[in-house]
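Trainee: Supplied structure: target.txt, compact mmCIF, C-alpha atoms.
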```
# COMPACT_ATOMS: atom_id res chain seq x y z
CA MET A 10 -2.12 8.60 -4.34
CA LEU A 11 -4.73 6.12 -5.53
CA ALA A 12 -2.15 4.20 -7.54
CA GLU A 13 0.12 3.98 -4.51
CA ALA A 14 -2.76 2.70 -2.37
CA ASP A 15 -3.56 0.08 -5.00
CA ARG A 16 0.05 -1.04 -5.10
CA PHE A 17 0.13 -1.31 -1.31
CA ARG A 18 -3.06 -3.41 -1.33
CA LEU A 19 -1.52 -5.68 -3.96
CA LEU A 20 1.61 -5.96 -1.84
CA GLN A 21 -0.48 -6.90 1.19
CA HIS A 22 -2.02 -9.75 -0.75
CA HIS A 23 1.34 -11.06 -1.94
CA ARG A 24 2.13 -14.45 -0.48
CA LEU A 25 5.46 -13.25 0.96
CA PHE A 26 4.10 -10.09 2.58
CA PRO A 27 3.71 -11.70 6.08
CA LEU A 28 7.47 -12.29 6.12
CA ILE A 29 8.24 -8.55 5.97
CA PRO A 30 7.09 -7.70 9.54
CA LEU A 31 8.60 -10.99 10.69
CA ALA A 32 11.98 -9.99 9.23
CA VAL A 33 11.74 -6.59 10.91
CA ILE A 34 11.10 -8.26 14.27
CA ILE A 35 14.08 -10.56 13.73
CA VAL A 36 16.35 -7.59 13.02
CA VAL A 37 15.13 -5.53 15.98
CA LEU A 38 14.91 -8.37 18.53
CA PRO A 39 18.67 -8.59 19.34
CA LEU A 40 18.55 -4.98 20.55
CA LEU A 41 16.35 -6.20 23.42
CA PHE A 42 18.52 -9.17 24.43
CA PRO A 43 20.25 -8.55 27.78
CA SER A 44 22.56 -11.57 27.43
CA ALA A 45 23.74 -14.33 25.08
CA TYR A 46 21.25 -16.70 26.70
CA TYR A 47 18.40 -15.05 24.80
CA TYR A 48 20.28 -15.50 21.53
CA ARG A 49 20.28 -19.22 22.23
CA VAL A 50 16.55 -19.29 23.00
CA ALA A 51 15.84 -17.42 19.75
CA ALA A 52 18.13 -19.79 17.85
CA LEU A 53 16.15 -22.76 19.17
CA VAL A 54 12.94 -21.06 18.08
CA PHE A 55 14.26 -20.73 14.53
CA ILE A 56 15.46 -24.34 14.44
CA PHE A 57 12.16 -25.85 15.50
CA ALA A 58 10.23 -23.38 13.36
CA ILE A 59 12.06 -24.76 10.32
CA ALA A 60 11.04 -28.29 11.30
CA ALA A 61 7.46 -27.15 11.99
CA LEU A 62 7.21 -25.51 8.56
CA GLY A 63 8.05 -28.80 6.86
CA LEU A 64 5.76 -30.85 9.05
CA ASN A 65 2.95 -28.36 8.55
CA LEU A 66 3.20 -28.92 4.79
CA LEU A 67 2.66 -32.62 5.40
CA MET A 68 0.04 -32.51 8.16
CA GLY A 69 -1.62 -29.14 7.70
CA PHE A 70 -1.88 -28.96 3.92
CA ALA A 71 -1.68 -32.59 2.75
CA GLY A 72 -3.56 -33.96 5.75
CA GLN A 73 -1.10 -36.80 6.36
CA VAL A 74 -0.36 -37.68 9.98
CA SER A 75 3.27 -38.20 11.01
CA LEU A 76 4.43 -38.86 14.57
CA GLY A 77 7.95 -39.90 13.63
CA HIS A 78 9.46 -36.86 11.96
CA ALA A 79 11.75 -36.30 14.93
CA GLY A 80 13.62 -39.31 13.54
CA PHE A 81 14.60 -37.26 10.49
CA MET A 82 15.89 -34.59 12.85
CA GLY A 83 18.11 -37.31 14.29
CA VAL A 84 19.37 -38.26 10.83
CA GLY A 85 20.39 -34.65 10.16
CA ALA A 86 21.95 -34.28 13.61
CA TYR A 87 24.05 -37.43 13.33
CA ALA A 88 25.03 -36.64 9.75
CA VAL A 89 26.96 -33.51 10.82
CA ALA A 90 28.51 -35.51 13.69
CA ILE A 91 29.45 -38.74 11.89
CA GLY A 92 30.53 -37.13 8.61
CA PRO A 93 33.51 -35.11 9.87
CA SER A 94 34.57 -37.44 12.72
CA ARG A 95 34.12 -40.87 11.10
CA LEU A 96 34.28 -40.18 7.36
CA GLY A 97 36.56 -37.14 7.31
CA ILE A 98 34.27 -34.94 5.22
CA ALA A 99 33.61 -31.23 5.76
CA PRO A 100 30.70 -30.30 8.09
CA LEU A 101 28.94 -28.37 5.30
CA LEU A 102 29.12 -31.40 3.01
CA ALA A 103 27.89 -33.61 5.85
CA PHE A 104 25.01 -31.15 6.33
CA ALA A 105 23.98 -31.57 2.69
CA LEU A 106 24.46 -35.34 2.79
CA GLY A 107 22.23 -35.53 5.87
CA ALA A 108 19.43 -33.78 3.99
CA ALA A 109 19.97 -36.07 0.98
CA CYS A 110 19.94 -39.19 3.17
CA SER A 111 16.73 -38.05 4.84
CA ALA A 112 15.14 -37.47 1.43
CA VAL A 113 16.12 -40.96 0.21
CA LEU A 114 15.01 -42.57 3.48
CA ALA A 115 11.68 -40.73 3.35
CA PHE A 116 11.18 -41.81 -0.26
CA VAL A 117 11.88 -45.48 0.54
CA VAL A 118 9.82 -45.56 3.73
CA GLY A 119 7.07 -43.27 2.49
CA ARG A 120 6.02 -45.43 -0.45
CA PRO A 121 4.53 -48.24 1.71
CA ILE A 122 3.69 -46.16 4.81
CA LEU A 123 1.63 -43.52 2.98
CA ARG A 124 -0.71 -46.23 1.71
CA LEU A 125 -2.03 -46.37 5.27
CA LYS A 126 -4.60 -43.97 6.67
CA GLY A 127 -5.72 -42.58 10.01
CA HIS A 128 -4.48 -44.29 13.15
CA TYR A 129 -2.59 -46.90 11.13
CA LEU A 130 -0.50 -44.19 9.46
CA ALA A 131 0.12 -42.50 12.83
CA VAL A 132 1.32 -45.73 14.45
CA ALA A 133 3.51 -46.63 11.47
CA THR A 134 5.29 -43.27 11.46
CA LEU A 135 5.66 -43.37 15.24
CA GLY A 136 7.24 -46.82 14.97
CA PHE A 137 9.63 -45.53 12.31
CA GLY A 138 10.77 -42.71 14.60
CA VAL A 139 11.27 -45.08 17.52
CA LEU A 140 13.24 -47.44 15.28
CA LEU A 141 15.65 -44.66 14.31
CA THR A 142 16.15 -43.75 17.98
CA ILE A 143 16.97 -47.40 18.75
CA VAL A 144 19.51 -47.46 15.92
CA PHE A 145 21.19 -44.27 17.13
CA THR A 146 21.33 -45.66 20.66
CA ASN A 147 22.74 -49.10 19.84
CA GLU A 148 25.15 -48.39 16.98
CA ALA A 149 27.76 -47.10 19.45
CA LYS A 150 30.66 -47.61 17.03
CA TRP A 151 29.23 -44.90 14.77
CA THR A 152 27.01 -42.81 17.03
CA GLY A 153 28.68 -43.03 20.43
CA GLY A 154 25.70 -44.90 21.84
CA PRO A 155 23.51 -43.40 24.59
CA ASP A 156 26.28 -40.95 25.56
CA GLY A 157 26.31 -39.40 22.09
CA MET A 158 29.25 -37.81 20.31
CA PRO A 159 30.76 -34.35 19.73
CA VAL A 160 29.97 -32.32 16.62
CA GLN A 161 32.68 -30.43 14.74
CA GLN A 162 31.98 -26.76 14.17
CA ILE A 163 31.48 -25.39 10.66
CA ILE A 164 34.56 -23.70 9.20
CA ILE A 165 34.09 -21.18 6.37
CA ILE A 166 37.36 -19.91 4.82
CA ASN A 167 39.35 -20.41 8.05
CA TRP A 168 36.52 -18.88 10.10
CA THR A 169 34.88 -21.12 12.68
CA VAL A 170 31.19 -20.48 13.35
CA HIS A 171 30.79 -20.90 17.10
CA ARG A 172 29.40 -17.65 18.59
CA ILE A 173 25.69 -17.93 19.40
CA GLY A 174 25.17 -14.38 18.09
CA THR A 175 26.47 -15.51 14.69
CA TRP A 176 24.22 -18.56 14.79
CA TYR A 177 21.24 -16.29 15.47
CA TRP A 178 21.66 -14.55 12.11
CA ILE A 179 22.45 -17.77 10.23
CA LEU A 180 19.37 -19.49 11.62
CA ALA A 181 17.16 -16.43 11.11
CA ALA A 182 18.17 -16.28 7.44
CA SER A 183 17.66 -20.05 7.10
CA PHE A 184 14.21 -19.82 8.65
CA LEU A 185 13.14 -16.97 6.36
CA LEU A 186 14.45 -18.88 3.32
CA SER A 187 12.58 -22.00 4.46
CA ALA A 188 9.41 -19.93 4.89
CA VAL A 189 9.79 -18.44 1.39
CA ILE A 190 10.13 -21.92 -0.11
CA ALA A 191 7.14 -23.21 1.87
CA LEU A 192 4.91 -20.26 0.95
CA ASN A 193 5.82 -20.57 -2.72
CA LEU A 194 5.02 -24.27 -2.59
CA ILE A 195 1.69 -23.63 -0.88
CA ASP A 196 0.60 -21.18 -3.58
CA SER A 197 1.83 -23.35 -6.45
CA PRO A 198 -0.22 -25.95 -8.37
CA THR A 199 1.37 -28.60 -6.12
CA GLY A 200 0.15 -26.72 -3.04
CA ARG A 201 -3.37 -26.52 -4.41
CA ALA A 202 -3.22 -30.25 -5.15
CA LEU A 203 -2.16 -30.91 -1.56
CA ARG A 204 -5.12 -28.92 -0.25
CA ALA A 205 -7.42 -30.93 -2.49
CA ILE A 206 -5.94 -34.15 -1.12
CA HIS A 207 -6.43 -32.83 2.42
CA ASP A 208 -10.13 -32.21 1.75
CA SER A 209 -10.83 -35.46 -0.10
CA GLU A 210 -8.43 -37.91 -1.70
CA ARG A 211 -11.24 -39.44 -3.74
CA ALA A 212 -12.27 -36.07 -5.15
CA ALA A 213 -8.64 -35.24 -5.87
CA ARG A 214 -8.29 -38.43 -7.91
CA VAL A 215 -11.42 -37.55 -9.87
CA LEU A 216 -9.77 -34.21 -10.72
CA GLY A 217 -6.78 -36.07 -12.14
CA ILE A 218 -4.35 -35.44 -9.26
CA GLU A 219 -1.71 -38.11 -8.71
CA VAL A 220 -2.50 -38.52 -5.03
CA ALA A 221 0.21 -41.07 -4.15
CA GLN A 222 2.87 -39.07 -5.98
CA LYS A 223 1.96 -35.78 -4.29
CA LYS A 224 1.77 -37.37 -0.83
CA LEU A 225 5.19 -38.94 -1.28
CA ALA A 226 6.69 -35.71 -2.58
CA VAL A 227 5.50 -33.64 0.41
CA PHE A 228 6.65 -36.39 2.78
CA VAL A 229 10.15 -36.16 1.31
CA ILE A 230 10.13 -32.35 1.46
CA SER A 231 9.04 -32.33 5.10
CA ALA A 232 11.75 -34.87 5.93
CA VAL A 233 14.39 -32.57 4.41
CA TYR A 234 13.09 -29.67 6.52
CA ALA A 235 13.35 -31.84 9.65
CA SER A 236 16.85 -32.98 8.70
CA VAL A 237 18.05 -29.40 8.22
CA ALA A 238 16.62 -28.46 11.62
CA GLY A 239 18.32 -31.46 13.23
CA SER A 240 21.69 -30.56 11.70
CA PHE A 241 21.42 -27.00 12.97
CA PHE A 242 20.44 -28.27 16.42
CA ALA A 243 23.52 -30.49 16.62
CA LEU A 244 25.82 -27.74 15.33
CA ILE A 245 24.79 -25.07 17.84
CA ASN A 246 25.01 -27.57 20.71
CA GLY A 247 28.35 -29.03 19.60
CA TYR A 248 27.11 -32.44 20.75
CA VAL A 249 24.43 -34.93 19.76
CA THR A 250 22.71 -37.80 21.59
CA PRO A 251 19.86 -40.16 20.61
CA ASP A 252 17.48 -37.65 22.22
CA ALA A 253 17.86 -35.64 19.00
CA SER A 254 15.49 -38.11 17.35
CA SER A 255 13.00 -38.40 20.21
CA ASP A 256 9.72 -36.51 20.47
CA ARG A 257 10.95 -34.92 23.70
CA ILE A 258 12.60 -32.27 21.54
CA GLY A 259 11.00 -33.32 18.28
CA CYS A 260 9.15 -31.15 15.81
CA ASP A 261 5.97 -33.25 15.87
CA GLY A 262 4.50 -31.65 18.98
CA SER A 263 4.84 -28.13 17.59
CA VAL A 264 2.26 -28.62 14.86
CA ARG A 265 -0.06 -30.64 17.11
CA TRP A 266 0.25 -28.02 19.85
CA ASN A 267 -0.28 -25.00 17.62
CA GLY A 268 -2.93 -26.44 15.34
CA LEU A 269 -2.76 -27.26 11.65
CA HIS A 270 -2.99 -25.18 8.51
CA ARG A 271 -2.08 -21.87 10.21
CA ARG A 272 0.76 -19.78 8.88
CA PHE A 273 1.51 -17.57 11.90
CA GLY A 274 0.05 -19.50 14.81
CA ARG A 275 2.57 -22.30 14.42
CA ARG A 276 5.51 -19.84 14.49
CA ILE A 277 4.29 -18.00 17.59
CA GLY A 278 3.43 -21.23 19.36
CA ARG A 279 6.77 -22.68 18.35
CA ALA A 280 8.45 -20.02 20.49
CA GLY A 281 6.59 -21.21 23.57
CA TYR A 282 7.13 -24.87 22.77
CA SER A 283 10.89 -24.50 22.30
CA ALA A 284 11.42 -22.18 25.25
CA PRO A 285 13.57 -23.48 28.13
CA GLY A 286 11.63 -25.91 30.29
CA ALA A 287 9.03 -26.65 27.61
CA HIS A 288 10.65 -29.98 26.77
CA GLY A 289 13.73 -30.34 28.87
CA ILE A 290 16.11 -27.86 27.25
CA SER A 291 17.93 -25.51 29.56
```
Here is a file; write its structure as structure tokens.
Mentor:
Amino acid sequence: MLAEADRFRLLQHHRLFPLIPLAVIIVVLPLLFPSAYYYRVAALVFIFAIAALGLNLLMGFAGQVSLGHAGFMGVGAYAVAIGPSRLGIAPLLAFALGAACSAVLAFVVGRPILRLKGHYLAVATLGFGVLLTIVFTNEAKWTGGPDGMPVQQIIIINWTVHRIGTWYWILAASFLLSAVIALNLIDSPTGRALRAIHDSERAARVLGIEVAQKKLAVFVISAVYASVAGSFFALINGYVTPDASSDRIGCDGSVRWNGLHRRFGRRIGRAGYSAPGAHGIS
């Protein structure tokens, strides 16, 4: 009995233990849904929770302010729209290319931007997000302009994913996988380095941490999270407009609204933030 109690205490302290009750809730929740509408609300929660997980790595653990990450959501959203319709590639490949493009863009932009601090960094990232929205709005030949463009549904072995109930399970699994990756990163040497940078960049340098390298790496990772969320958002809607890259539906507000450096508060708050009426989604 004592050995079993010890094993349970060890399990409770495992970094992935909080995901167990969360997974149980996800499995049980559909039994309480009276209509497909609630599947859609839950799907939106999962999408923005994925984006919030990535942004929380950047803002909550590395202490770097970003007000333009909704732009990376736009990159992911337009990737799954432009890829199949303009380039003739499969939606799944376009999904992966969107994440890759966001990573490259974050790497290129992050090198100079992350040299800034405080309000200067906030304004620079905000300007970057606004710039992407302007591009999506004005490049009508590729993006459809302000009216947007349709998004082709994902086809897996002659099976088209279009039912919102199916998307619920896909997004739930994607969210849990994203959370596993984030929790493993947080408890890794890189995660401990990010926390040191958050507390004091000068002290982190004294300890031998490559501050610029770690900041850039977490910026790229958070951009990929945002891109994945944006791609999912476009796929479940079947349509994308430049609003996909605006803070009206962006992931930035979720971390600001829920607070930083909290593992469960951001997920619970994300549900309220992405609920219908919270930012114009009906």
Trainee: Pick from A:Ile122, A:Val160, A:Ala221, A:Leu40: nearest to A:Gly92, with only C-alpha atoms counted?
Mentor: A:Val160
Trainee: Go through stretch 42-98 of chain A and flag each residue having an atom no more than 6 Å from stretch 123-147 of chain A; for those, report the closest pair of atoms plus their distance in Å to one decimal, using all atoms listed in the file, ordered by chain and rising number, as a Markdown table.
Mentor:
```
| residue | atom | partner | partner_atom | distance |
| --- | --- | --- | --- | --- |
| A:Val74 | CA | A:Ala131 | CA | 5.6 |
| A:Ser75 | CA | A:Thr134 | CA | 5.5 |
| A:Leu76 | CA | A:Leu135 | CA | 4.7 |
| A:Gly77 | CA | A:Gly138 | CA | 4.1 |
| A:Gly80 | CA | A:Gly138 | CA | 4.6 |
```
Trainee: Keeping C-alpha atoms for every residue in the selection just given, could you write it to a file as a PDB file, keeping the file's coordinate frame?
Mentor:
```
ATOM      1  CA  VAL A  74      -0.360 -37.680   9.980  1.00  0.00           C
ATOM      2  CA  SER A  75       3.270 -38.200  11.010  1.00  0.00           C
ATOM      3  CA  LEU A  76       4.430 -38.860  14.570  1.00  0.00           C
ATOM      4  CA  GLY A  77       7.950 -39.900  13.630  1.00  0.00           C
ATOM      5  CA  GLY A  80      13.620 -39.310  13.540  1.00  0.00           C
TER       6      GLY A  80
END
```
Trainee: Under the rule that all atoms listed in the file are counted, which of A:Val33, A:Ala109, A:Leu244, A:Ile91 is the nearest residue to A:Ile179?
Mentor: A:Leu244
Trainee: Identify, on the basis of only C-alpha atoms, every residue whose closest approach to A:Tyr234 does not exceed 9 Å; exclude the query and any residue fewer than 3 positions from it along the same chain; express the result as an NGL selection string.
Mentor: :A and (59-64 or 81-82 or 108 or 187 or 229-231 or 237-239)
Trainee: Which one is closest to A:Gln222: A:Ala191, A:Val54, A:Leu203, A:Ala149? Count all atoms listed in the file.
Mentor: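 Using all atoms listed in the file, the shortest distance to A:Gln222 belongs to A:Leu203.
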Trainee: Emit as JSON the padded axis-aligned box for all listed atoms of stretch 181-195 of chain A, 5 Å per side, with centre and edge lengths in Å to one decimal.
Mentor:
```
{"center_x": 9.9, "center_y": -20.3, "center_z": 4.2, "size_x": 26.5, "size_y": 18.0, "size_z": 23.8}
```
Trainee: Need to verify the contact set: A:Cys110, 9 Å, all atoms listed in the file, exclusion of same-chain residues closer than 4 positions in sequence. Can you return it as a compact mmCIF listing (two decimals) with C-alpha atoms, in the coordinates of the input?
Mentor:
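Resulting contents of part.txt:
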```txt
# COMPACT_ATOMS: atom_id res chain seq x y z
CA VAL A 84 19.37 -38.26 10.83
CA GLY A 85 20.39 -34.65 10.16
CA ALA A 88 25.03 -36.64 9.75
CA ALA A 105 23.98 -31.57 2.69
CA LEU A 106 24.46 -35.34 2.79
CA LEU A 114 15.01 -42.57 3.48
CA ALA A 115 11.68 -40.73 3.35
CA VAL A 233 14.39 -32.57 4.41
CA SER A 236 16.85 -32.98 8.70
```
Trainee: Between atom CA of A:Val37 and atom CA of A:Leu53, what is the distance in Å, rounded to a tenth?
Mentor: 17.6 Å
Trainee: What is the atom CA of A:Arg95 to atom CA of A:His171 distance in Å?
Mentor: 21.1 Å
Trainee: Taking 5 positions as the minimum chain separation for residues in the same chain, which residues sit within 10 Å of A:Ser94 when counting only C-alpha atoms? Answer as a PyMOL selection string.
Mentor: chain A and resi 89+99-100+151+158-161
Trainee: Return the single residue from A:Ala90, A:Ile163, A:Gly174, A:Leu66 that is closest to A:Ala243, with distances computed using only C-alpha atoms.
Mentor: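 The answer is A:Ala90, which sits nearest to A:Ala243.
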Trainee: How many Å lie between atom CA of A:Val189 and atom CA of A:Ile29, rounded to one decimal?
Mentor: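 Spanning atom CA of A:Val189 to atom CA of A:Ile29 is a straight-line distance of 11.0 Å.
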Trainee: Which residues, written as a list in words, have at least one atom at most 10 Å from A:Ala188, with only C-alpha atoms counted and residues fewer than 2 positions away on the same chain left out?
Mentor: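 These residues fall inside the cut-off: Leu25, Leu28, Ala58, Ile59, Leu62, Gly63, Ala182, Ser183, Phe184, Leu185, Leu186, Ile190, Ala191, Leu192, Asn193, Leu194 and Arg272 of chain A.
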Trainee: Taking into account all atoms listed in the file, which residue in the set A:Arg204, A:Arg49, A:Gln162, A:Arg120 is nearest to A:Leu101?
Mentor: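 Checking each of A:Arg204, A:Arg49, A:Gln162, A:Arg120 against A:Leu101, counting all atoms listed in the file, the winner is A:Gln162.
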Trainee: Between A:Leu41, A:Met68, A:Ile206, A:Val36, which residue has the minimum interatomic distance to A:Val220, considering only C-alpha atoms?
Mentor: A:Ile206
